[in-house]
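A.B. asks: I am sharing structure_2.cif, which consists of mmCIF, C-alpha atoms and all ligand atoms:
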```
data_structure
loop_
_atom_site.label_atom_id
_atom_site.label_comp_id
_atom_site.auth_asym_id
_atom_site.auth_seq_id
_atom_site.Cartn_x
_atom_site.Cartn_y
_atom_site.Cartn_z
CA MET B 8 168.78 159.41 127.55
CA ARG B 9 167.74 162.23 125.23
CA ASP B 10 164.91 161.21 122.88
CA THR B 11 165.69 162.33 119.31
CA TRP B 12 162.08 162.17 118.05
CA PRO B 13 161.31 165.90 118.58
CA LEU B 14 164.29 166.68 116.31
CA LEU B 15 163.39 164.04 113.70
CA GLU B 16 159.71 164.89 113.59
CA GLU B 17 160.42 168.33 112.16
CA ILE B 18 162.28 166.97 109.15
CA ALA B 19 160.18 166.36 106.02
CA PHE B 20 160.57 163.11 104.06
CA PRO B 21 158.93 162.02 100.75
CA PRO B 22 155.66 160.04 101.18
CA ILE B 23 155.77 156.22 100.99
CA ARG B 24 152.85 153.81 100.53
CA ARG B 25 152.89 150.17 101.52
CA GLY B 26 153.10 147.43 98.90
CA ARG B 27 152.47 143.70 99.23
CA LEU B 28 153.41 142.28 102.61
CA ASP B 29 156.06 139.57 102.41
CA THR B 30 157.95 139.80 105.71
CA LEU B 31 156.94 139.84 109.34
CA GLN B 32 159.73 141.16 111.54
CA VAL B 33 159.09 140.24 115.13
CA ASN B 34 160.92 141.71 118.09
CA VAL B 35 160.55 139.08 120.80
CA GLY B 36 162.07 141.18 123.59
CA TYR B 37 164.80 143.58 124.64
CA ARG B 38 166.85 141.29 126.84
CA CYS B 39 170.34 140.78 125.48
CA ASN B 40 173.62 139.41 126.80
CA GLN B 41 175.37 142.47 125.28
CA SER B 42 174.89 146.28 125.52
CA CYS B 43 176.35 147.63 122.27
CA VAL B 44 177.01 151.33 121.81
CA HIS B 45 175.05 151.65 118.55
CA CYS B 46 172.09 149.46 119.64
CA HIS B 47 168.92 151.09 118.32
CA VAL B 48 166.81 148.99 120.70
CA ASN B 49 168.68 149.92 123.90
CA ALA B 50 168.84 146.21 124.60
CA GLY B 51 170.82 144.80 127.50
CA PRO B 52 170.97 142.15 130.22
CA HIS B 53 168.61 144.06 132.53
CA ARG B 54 165.73 144.59 130.12
CA SER B 55 162.80 142.40 131.08
CA GLU B 56 160.31 143.07 128.25
CA GLU B 57 159.62 139.89 126.28
CA MET B 58 156.92 138.52 124.00
CA ALA B 59 154.49 136.25 125.86
CA GLY B 60 153.20 132.89 124.62
CA ASP B 61 149.79 134.20 123.51
CA VAL B 62 151.43 136.84 121.31
CA ILE B 63 153.70 134.18 119.81
CA ASP B 64 150.51 132.23 118.99
CA ALA B 65 149.03 135.31 117.29
CA VAL B 66 152.20 135.73 115.23
CA LEU B 67 152.03 132.10 114.09
CA ALA B 68 148.32 132.45 113.29
CA PHE B 69 149.07 135.53 111.19
CA LEU B 70 151.94 133.85 109.34
CA GLY B 71 149.80 130.85 108.48
CA GLY B 72 146.61 132.78 107.80
CA ARG B 73 148.17 135.37 105.52
CA ARG B 74 150.84 133.16 103.97
CA VAL B 75 153.62 135.63 104.75
CA SER B 76 156.74 134.10 103.25
CA THR B 77 159.39 135.34 105.72
CA LEU B 78 159.60 135.56 109.50
CA ASP B 79 162.50 137.73 110.64
CA ILE B 80 163.09 137.32 114.39
CA THR B 81 164.92 140.03 116.26
CA GLY B 82 165.48 141.34 119.80
CA GLY B 83 167.56 141.89 122.07
CA ALA B 84 169.03 138.48 121.73
CA PRO B 85 165.86 136.77 120.41
CA GLU B 86 167.06 133.34 121.50
CA LEU B 87 166.65 134.39 125.16
CA ASN B 88 162.87 134.49 124.80
CA PRO B 89 161.59 131.20 126.29
CA HIS B 90 159.20 130.74 123.32
CA PHE B 91 161.88 131.32 120.66
CA ARG B 92 162.26 127.70 119.60
CA ARG B 93 158.50 127.12 119.50
CA LEU B 94 158.15 130.16 117.24
CA VAL B 95 160.87 128.88 114.91
CA ILE B 96 159.46 125.36 114.74
CA GLY B 97 155.90 126.65 114.20
CA ALA B 98 156.95 129.02 111.41
CA ARG B 99 159.05 126.39 109.65
CA ALA B 100 156.16 123.92 109.87
CA ILE B 101 153.97 126.28 107.84
CA GLY B 102 156.70 126.72 105.26
CA ALA B 103 158.01 130.17 106.21
CA ARG B 104 161.61 131.14 105.67
CA VAL B 105 162.93 132.04 109.13
CA ILE B 106 165.72 134.52 109.85
CA ASP B 107 167.36 134.78 113.28
CA ARG B 108 169.21 138.04 114.01
CA CYS B 109 171.87 136.43 116.14
CA ASN B 110 174.63 138.29 117.99
CA LEU B 111 176.95 135.21 117.93
CA THR B 112 178.07 135.59 121.57
CA ILE B 113 174.70 134.14 122.61
CA LEU B 114 175.94 130.78 121.29
CA GLU B 115 178.24 130.63 124.35
CA VAL B 116 175.74 131.70 126.99
CA ALA B 117 174.89 129.08 129.60
CA GLY B 118 171.78 127.18 128.58
CA GLN B 119 172.30 127.90 124.87
CA GLU B 120 174.92 125.22 124.21
CA ASP B 121 172.67 123.43 121.70
CA LEU B 122 171.41 126.62 120.01
CA ALA B 123 173.69 126.42 116.95
CA GLN B 124 172.63 122.83 116.34
CA PHE B 125 168.96 123.75 116.76
CA LEU B 126 169.23 126.57 114.22
CA ALA B 127 170.97 124.32 111.71
CA SER B 128 168.42 121.51 112.14
CA ALA B 129 165.53 123.92 111.58
CA ARG B 130 167.42 125.44 108.61
CA VAL B 131 167.12 128.93 110.04
CA GLU B 132 168.98 131.67 108.18
CA ILE B 133 171.36 133.56 110.44
CA VAL B 134 172.08 137.26 110.20
CA ALA B 135 174.91 138.13 112.57
CA SER B 136 176.47 141.44 113.52
CA MET B 137 180.17 141.75 112.82
CA PRO B 138 180.82 145.48 112.60
CA CYS B 139 184.47 145.05 111.64
CA TYR B 140 187.03 142.35 110.96
CA LEU B 141 189.41 144.05 113.38
CA GLU B 142 189.25 142.97 117.01
CA GLN B 143 189.80 146.43 118.49
CA ASN B 144 186.92 148.00 116.57
CA VAL B 145 184.45 145.24 117.39
CA ASP B 146 185.31 145.28 121.09
CA ARG B 147 185.00 149.07 121.23
CA GLN B 148 181.51 148.99 119.73
CA ARG B 149 180.15 145.77 121.20
CA GLY B 150 182.17 145.16 124.36
CA LYS B 151 185.47 143.57 125.45
CA GLY B 152 185.98 140.00 124.30
CA VAL B 153 183.09 140.15 121.81
CA PHE B 154 185.35 139.77 118.78
CA ASP B 155 186.93 136.53 120.01
CA ALA B 156 183.55 135.13 121.05
CA SER B 157 182.11 136.09 117.65
CA VAL B 158 184.95 134.33 115.84
CA ARG B 159 184.34 131.21 117.93
CA GLY B 160 180.61 131.45 117.13
CA LEU B 161 181.24 131.81 113.40
CA ARG B 162 183.60 128.83 113.39
CA ARG B 163 181.01 126.77 115.17
CA LEU B 164 178.36 127.74 112.62
CA ASN B 165 180.76 126.98 109.76
CA ALA B 166 181.41 123.54 111.27
CA LEU B 167 177.66 122.86 111.05
CA GLY B 168 177.66 123.85 107.37
CA TYR B 169 176.59 127.48 107.70
CA GLY B 170 178.06 129.99 105.26
CA ARG B 171 178.91 127.39 102.60
CA GLU B 172 177.00 127.62 99.32
CA GLU B 173 176.60 123.85 98.92
CA THR B 174 174.71 123.33 102.19
CA GLY B 175 172.06 126.01 101.71
CA LEU B 176 172.56 127.03 105.36
CA VAL B 177 172.73 130.81 105.05
CA LEU B 178 174.99 132.92 107.26
CA ASN B 179 175.01 136.63 106.46
CA LEU B 180 177.00 139.23 108.38
CA VAL B 181 176.05 142.82 109.17
CA TYR B 182 178.39 145.78 109.13
CA ASN B 183 177.55 149.20 110.51
CA PRO B 184 179.93 152.14 110.76
CA GLN B 185 181.63 152.93 114.08
CA GLY B 186 180.47 156.54 114.10
CA PRO B 187 178.35 159.14 112.28
CA GLU B 188 179.36 158.30 108.73
CA LEU B 189 177.86 156.37 105.83
CA PRO B 190 178.83 152.74 105.29
CA PRO B 191 181.34 152.06 102.48
CA PRO B 192 180.20 150.28 99.26
CA GLN B 193 178.76 146.89 100.23
CA ASP B 194 180.31 144.70 97.53
CA ALA B 195 183.87 145.97 98.08
CA LEU B 196 183.61 145.64 101.85
CA GLU B 197 182.18 142.13 101.48
CA ALA B 198 185.23 141.14 99.44
CA ASP B 199 187.53 142.56 102.16
CA TYR B 200 185.62 140.72 104.89
CA LYS B 201 185.71 137.43 102.97
CA ARG B 202 189.42 137.70 102.36
CA THR B 203 190.37 138.80 105.89
CA LEU B 204 188.08 136.52 107.87
CA GLY B 205 188.95 133.64 105.54
CA GLU B 206 192.71 134.09 105.66
CA ARG B 207 193.08 134.98 109.35
CA TYR B 208 190.39 132.85 110.94
CA GLY B 209 189.24 130.33 108.32
CA ILE B 210 185.70 131.75 108.45
CA ALA B 211 183.23 131.59 105.53
CA PHE B 212 179.92 133.42 105.16
CA ASN B 213 177.43 134.19 102.42
CA ARG B 214 176.73 137.93 102.18
CA LEU B 215 177.73 141.06 104.05
CA TYR B 216 174.97 143.59 104.66
CA THR B 217 176.09 147.18 105.21
CA LEU B 218 173.67 149.26 107.28
CA ALA B 219 173.69 152.94 108.20
CA ASN B 220 173.35 153.78 111.88
CA MET B 221 169.95 155.23 112.70
CA PRO B 222 169.92 158.56 114.61
CA ILE B 223 167.59 157.16 117.27
CA GLN B 224 167.83 155.58 120.72
CA ARG B 225 171.33 154.97 122.11
CA PHE B 226 173.20 156.07 118.96
CA GLY B 227 170.93 159.12 118.53
CA ALA B 228 171.49 160.14 122.16
CA ILE B 229 175.26 159.90 121.73
CA LEU B 230 175.04 162.11 118.63
CA VAL B 231 173.06 164.69 120.58
CA ALA B 232 175.46 164.57 123.54
CA GLN B 233 178.45 165.03 121.24
CA GLY B 234 176.81 167.86 119.29
CA GLU B 235 176.93 165.70 116.12
CA PHE B 236 173.22 165.12 115.57
CA GLY B 237 172.65 168.00 113.12
CA ARG B 238 175.75 167.21 111.09
CA TYR B 239 174.85 163.51 110.79
CA LEU B 240 171.28 164.30 109.69
CA GLU B 241 172.65 166.70 107.09
CA LEU B 242 175.01 164.00 105.83
CA LEU B 243 172.11 161.56 105.47
CA GLN B 244 169.88 164.13 103.76
CA GLN B 245 172.57 165.23 101.32
CA ALA B 246 173.22 161.61 100.37
CA HIS B 247 169.49 160.82 99.85
CA VAL B 248 168.80 158.88 96.62
CA ASP B 249 165.21 159.00 95.38
CA ALA B 250 165.48 155.59 93.67
CA ASN B 251 165.95 153.97 97.10
CA LEU B 252 162.39 154.97 98.03
CA LYS B 253 161.07 152.14 95.84
CA GLN B 254 162.92 149.52 97.88
CA VAL B 255 162.78 150.65 101.50
CA MET B 256 161.79 147.75 103.72
CA CYS B 257 158.60 149.35 105.09
CA ARG B 258 156.94 148.77 101.70
CA ASN B 259 156.81 145.01 102.24
CA LEU B 260 157.39 144.44 105.94
CA VAL B 261 155.41 144.80 109.14
CA SER B 262 157.27 145.04 112.42
CA VAL B 263 155.75 143.59 115.59
CA ASP B 264 156.80 144.58 119.12
CA TRP B 265 156.98 142.31 122.16
CA ARG B 266 153.40 143.20 123.13
CA GLY B 267 152.10 142.37 119.62
CA HIS B 268 151.59 145.94 118.39
CA VAL B 269 152.47 146.60 114.77
CA TYR B 270 154.66 149.26 113.10
CA ASP B 271 155.91 150.10 109.62
CA CYS B 272 159.44 149.03 110.53
CA ASP B 273 161.71 148.28 113.47
CA PHE B 274 162.88 151.91 113.66
CA ASN B 275 159.33 153.24 113.88
CA GLN B 276 158.76 150.65 116.58
CA MET B 277 161.66 152.10 118.57
CA LEU B 278 160.29 155.60 118.07
CA ASP B 279 156.84 154.37 119.15
CA LEU B 280 155.14 155.37 115.89
CA PRO B 281 152.46 152.68 115.44
CA LEU B 282 151.35 151.63 111.95
CA GLN B 283 148.30 153.67 110.97
CA ASN B 284 145.32 152.03 109.36
CA ARG B 285 142.24 154.03 108.44
CA GLY B 286 142.65 156.26 111.45
CA ARG B 287 143.05 153.34 113.86
CA GLU B 288 145.99 153.59 116.25
CA ARG B 289 147.79 150.68 117.91
CA LEU B 290 146.79 147.75 115.79
CA HIS B 291 147.66 144.38 117.30
CA ILE B 292 149.00 141.49 115.23
CA ALA B 293 145.77 139.62 116.06
CA ASP B 294 143.74 142.49 114.44
CA LEU B 295 146.01 142.51 111.42
CA LEU B 296 144.79 139.08 110.34
CA ALA B 297 141.59 140.66 109.04
CA THR B 298 143.11 144.00 108.00
CA GLU B 299 144.58 144.96 104.64
CA VAL B 300 147.48 147.38 104.89
CA GLU B 301 148.54 147.44 101.23
CA GLY B 302 148.35 150.99 99.90
CA GLU B 303 148.44 152.56 103.36
CA GLN B 304 150.68 155.53 104.06
CA VAL B 305 153.91 154.80 105.97
CA ARG B 306 154.83 157.09 108.89
CA VAL B 307 157.98 158.84 107.74
CA ALA B 308 160.26 161.53 109.25
CA GLY B 309 163.92 162.56 109.42
CA HIS B 310 165.24 159.13 110.50
CA CYS B 311 164.06 157.67 107.17
CA TYR B 312 167.06 159.29 105.45
CA GLY B 313 169.05 156.57 107.21
CA CYS B 314 167.33 154.14 104.80
CA THR B 315 167.71 156.16 101.60
CA ALA B 316 171.17 157.74 101.96
CA GLY B 317 173.79 156.61 99.45
CA GLN B 318 173.50 152.93 98.54
CA GLY B 319 170.50 152.70 100.88
CA SER B 320 170.03 150.55 103.94
CA SER B 321 167.54 147.89 104.98
CA CYS B 322 167.37 144.76 107.07
CA GLY B 323 168.67 143.03 103.93
CA GLY B 324 171.65 145.35 103.48
CA ALA B 325 172.27 147.95 100.78
CA LEU B 326 169.18 148.59 98.66
CA LYS B 327 170.93 148.73 95.32
CA SER B 328 171.95 145.11 95.69
CA GLU B 329 168.84 144.10 97.63
CA THR B 330 167.78 141.36 95.20
CA ALA B 331 171.10 139.62 95.65
CA ALA B 332 171.39 140.24 99.38
CA HIS B 333 168.03 139.22 100.74
S1 LIG B 401 173.76 142.39 120.41
FE1 LIG B 401 172.25 143.47 119.15
S2 LIG B 401 170.40 143.64 120.42
FE2 LIG B 401 172.14 143.12 121.78
S3 LIG B 401 172.85 145.11 122.55
FE3 LIG B 401 174.09 144.59 120.73
S4 LIG B 401 173.04 145.56 119.00
FE4 LIG B 401 171.59 145.51 120.73
S1 LIG B 402 162.92 154.22 108.77
FE1 LIG B 402 161.26 152.76 108.50
S2 LIG B 402 159.55 154.01 107.76
FE2 LIG B 402 161.42 155.16 107.40
S3 LIG B 402 162.04 154.62 105.30
FE3 LIG B 402 163.13 153.28 106.73
S4 LIG B 402 161.88 151.47 106.79
FE4 LIG B 402 160.59 153.10 105.98
#
```
Could you show the structure in this file as structure tokens?
Ligand code: SF4
Ligand code: SF4
C.D. replies:
Amino acid sequence: MRDTWPLLEEIAFPPIRRGRLDTLQVNVGYRCNQSCVHCHVNAGPHRSEEMAGDVIDAVLAFLGGRRVSTLDITGGAPELNPHFRRLVIGARAIGARVIDRCNLTILEVAGQEDLAQFLASARVEIVASMPCYLEQNVDRQRGKGVFDASVRGLRRLNALGYGREETGLVLNLVYNPQGPELPPPQDALEADYKRTLGERYGIAFNRLYTLANMPIQRFGAILVAQGEFGRYLELLQQAHVDANLKQVMCRNLVSVDWRGHVYDCDFNQMLDLPLQNRGRERLHIADLLATEVEGEQVRVAGHCYGCTAGQGSSCGGALKSETAAH
């Protein structure tokens, strides 16, 4: 697979400094029961990298020690990490809000039959990918049969109270475009999703997050192979909105990889650009406990236009409606 970093590195991006840390986003491993076309982690069933128990302990120590309000757990399919439930229970016990980036089909994988119930009991917020409300588009991007399995997963979560305002069990969906284009306006698409999924399948959810595809990893390699990389980057750059710089997620988030190393965001993690702190490279989450990163410079390059183009894009959806979405 062609690495897009040499192309991205040459593209200038406005400087960003870190603000107050409020979210720890932890990638607990690359193993996944799916192998989606756009996956920026190159996750799949054959990846074996996963966060070990001692790193999970360091994450919990950091959350408690620094009073970080939100733990955002991602993967791969994070639930496949054998320490996943311990991490969730530990984080909830110290009062953190916990988000699980769940692919929905994992709810049907053997050994995960009680997962939905576990998430509901621990009051974990679920963010689930649903790149379209049309079966054909979802199956093309995420694999055959994924749409039907996702619908079954959503119904199961609804039955437990997820996605209904009165229960407080939050179920947010994520949309990303099929190809090299910007996502449509988030609020209008959310209304379409709510109407279509509600009418056709009886599914309810809280918010829809629209995210731009990042020109890195699997999606970046496809762009290069199809000769579309330059055009997509130009599209992102032309749509850049300066005001989005104030809200990009790297201002308030630290991303942790499966080994415990820290990065400014999940995308920098995938590009192997470690968070820089006073000239030190490769900080570990255990070192971060005694390290202040507020005010530090974020490592930016061409891919960052994926966060600032148009309505903006973050792990909490479009930036212009960030306060409502996250
Ligand atoms: S479900 Fe998510 S982590 Fe798994 S392959 Fe698809 S995009 Fe990647
Ligand atoms: S890609 Fe990462 S570093 Fe760049 S703007 Fe987005 S969140 Fe910040």
A.B. asks: Kindly indicate which residue among B:Met137, B:Leu67, B:Leu290, B:Leu252 lies nearest to ligand LIG 402 (chain B), using only C-alpha atoms and all ligand atoms for the distances.
C.D. replies: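 Closest candidate: B:Leu252.
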A.B. asks: Which is closer to ligand LIG 401 (chain B) than all the others in B:Arg225, B:Arg24, B:Arg258, B:His268, using only C-alpha atoms and all ligand atoms?
C.D. replies: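 Among the listed residues, B:Arg225 lies closest to ligand LIG 401 (chain B).
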A.B. asks: Do you know which residues lie at most 8 Å from (175.8, 137.1, 124.0), with coordinates as in the file and only C-alpha atoms counted, and could you write them as JSON, numbers by chain?
C.D. replies: {"B": [39, 40, 41, 84, 110, 111, 112, 113, 114, 115, 116]}
A.B. asks: Residues as selected, C-alpha atoms, written as an mmCIF file, in the coordinates of the input, can you do that?
C.D. replies:
```cif
data_model
loop_
_atom_site.group_PDB
_atom_site.id
_atom_site.type_symbol
_atom_site.label_atom_id
_atom_site.label_comp_id
_atom_site.auth_asym_id
_atom_site.auth_seq_id
_atom_site.Cartn_x
_atom_site.Cartn_y
_atom_site.Cartn_z
ATOM 1 C CA CYS B 39 170.340 140.780 125.480
ATOM 2 C CA ASN B 40 173.620 139.410 126.800
ATOM 3 C CA GLN B 41 175.370 142.470 125.280
ATOM 4 C CA ALA B 84 169.030 138.480 121.730
ATOM 5 C CA ASN B 110 174.630 138.290 117.990
ATOM 6 C CA LEU B 111 176.950 135.210 117.930
ATOM 7 C CA THR B 112 178.070 135.590 121.570
ATOM 8 C CA ILE B 113 174.700 134.140 122.610
ATOM 9 C CA LEU B 114 175.940 130.780 121.290
ATOM 10 C CA GLU B 115 178.240 130.630 124.350
ATOM 11 C CA VAL B 116 175.740 131.700 126.990
#
```
A.B. asks: Kindly give the distance, in Å, that separates CA of Gly286 (chain B) and CA of Val33 (chain B), rounded to a single decimal.
C.D. replies: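 The value is 23.2 Å.
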A.B. asks: Using only C-alpha atoms and all ligand atoms, which residues have at least one atom no more than 8 Å from ligand LIG 401 (chain B)? Output them as a PyMOL selection string.
C.D. replies: chain B and resi 37-51+81-84+109-110+136+149
A.B. asks: If you count only C-alpha atoms and all ligand atoms, which residues end up within 6 Å of ligand LIG 402 (chain B), as a list in words?
C.D. replies: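 Answer in the requested format: Val255, Met256, Cys257, Asp271, Cys272, Phe274, Asn275, Val305, Arg306, Val307, His310, Cys311 and Cys314 of chain B.
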A.B. asks: Could you add whatever atoms are missing so that region 306-317 of chain B carries all heavy atoms, then write the result as a CSV table (one decimal), keeping the file's coordinate frame?
C.D. replies:
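What follows is the written file result-v8.csv:
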```csv
chain,number,residue,atom,x,y,z
B,306,ARG,N,154.5,155.9,108.1
B,306,ARG,CA,154.8,157.1,108.9
B,306,ARG,C,156.3,157.4,108.7
B,306,ARG,O,157.2,156.7,109.2
B,306,ARG,CB,154.5,156.8,110.4
B,306,ARG,CG,153.0,156.6,110.5
B,306,ARG,CD,152.6,156.4,112.0
B,306,ARG,NE,152.7,157.7,112.7
B,306,ARG,CZ,152.2,157.8,113.9
B,306,ARG,NH1,151.6,156.8,114.6
B,306,ARG,NH2,152.2,159.0,114.6
B,307,VAL,N,156.6,158.5,108.0
B,307,VAL,CA,158.0,158.8,107.7
B,307,VAL,C,158.4,160.1,108.5
B,307,VAL,O,157.6,160.9,108.8
B,307,VAL,CB,158.2,159.0,106.2
B,307,VAL,CG1,158.0,157.7,105.5
B,307,VAL,CG2,157.2,160.1,105.7
B,308,ALA,N,159.7,160.3,108.7
B,308,ALA,CA,160.3,161.5,109.2
B,308,ALA,C,161.8,161.5,109.0
B,308,ALA,O,162.3,160.7,108.2
B,308,ALA,CB,159.9,161.6,110.7
B,309,GLY,N,162.5,162.4,109.7
B,309,GLY,CA,163.9,162.6,109.4
B,309,GLY,C,164.8,161.3,109.5
B,309,GLY,O,165.7,161.1,108.7
B,310,HIS,N,164.4,160.4,110.4
B,310,HIS,CA,165.2,159.1,110.5
B,310,HIS,C,165.2,158.3,109.2
B,310,HIS,O,166.2,157.5,109.0
B,310,HIS,CB,164.7,158.3,111.7
B,310,HIS,CG,163.3,157.8,111.5
B,310,HIS,ND1,162.3,158.7,111.5
B,310,HIS,CD2,162.8,156.6,111.4
B,310,HIS,CE1,161.1,158.0,111.4
B,310,HIS,NE2,161.4,156.7,111.3
B,311,CYS,N,164.2,158.5,108.4
B,311,CYS,CA,164.1,157.7,107.2
B,311,CYS,C,165.2,157.9,106.2
B,311,CYS,O,165.5,157.1,105.3
B,311,CYS,CB,162.7,157.9,106.5
B,311,CYS,SG,161.3,157.4,107.5
B,312,TYR,N,165.9,159.1,106.3
B,312,TYR,CA,167.1,159.3,105.4
B,312,TYR,C,168.1,158.3,105.7
B,312,TYR,O,169.0,158.0,104.9
B,312,TYR,CB,167.6,160.7,105.6
B,312,TYR,CG,166.7,161.7,105.0
B,312,TYR,CD1,165.8,162.5,105.8
B,312,TYR,CD2,166.7,161.9,103.6
B,312,TYR,CE1,165.0,163.4,105.2
B,312,TYR,CE2,165.8,162.8,103.0
B,312,TYR,CZ,165.0,163.6,103.8
B,312,TYR,OH,164.1,164.5,103.2
B,313,GLY,N,168.1,157.7,106.9
B,313,GLY,CA,169.0,156.6,107.2
B,313,GLY,C,168.8,155.4,106.3
B,313,GLY,O,169.7,154.6,106.1
B,314,CYS,N,167.6,155.2,105.7
B,314,CYS,CA,167.3,154.1,104.8
B,314,CYS,C,167.6,154.5,103.3
B,314,CYS,O,167.8,153.6,102.5
B,314,CYS,CB,165.9,153.7,104.9
B,314,CYS,SG,165.4,153.0,106.4
B,315,THR,N,167.6,155.8,103.0
B,315,THR,CA,167.7,156.2,101.6
B,315,THR,C,169.0,156.9,101.3
B,315,THR,O,169.3,157.2,100.1
B,315,THR,CB,166.6,157.1,101.2
B,315,THR,OG1,166.6,158.3,102.0
B,315,THR,CG2,165.2,156.4,101.3
B,316,ALA,N,169.9,157.1,102.2
B,316,ALA,CA,171.2,157.7,102.0
B,316,ALA,C,172.1,156.8,101.2
B,316,ALA,O,172.2,155.6,101.5
B,316,ALA,CB,171.8,158.2,103.3
B,317,GLY,N,172.8,157.3,100.2
B,317,GLY,CA,173.8,156.6,99.4
B,317,GLY,C,173.3,155.3,98.8
B,317,GLY,O,172.3,155.3,98.1
```
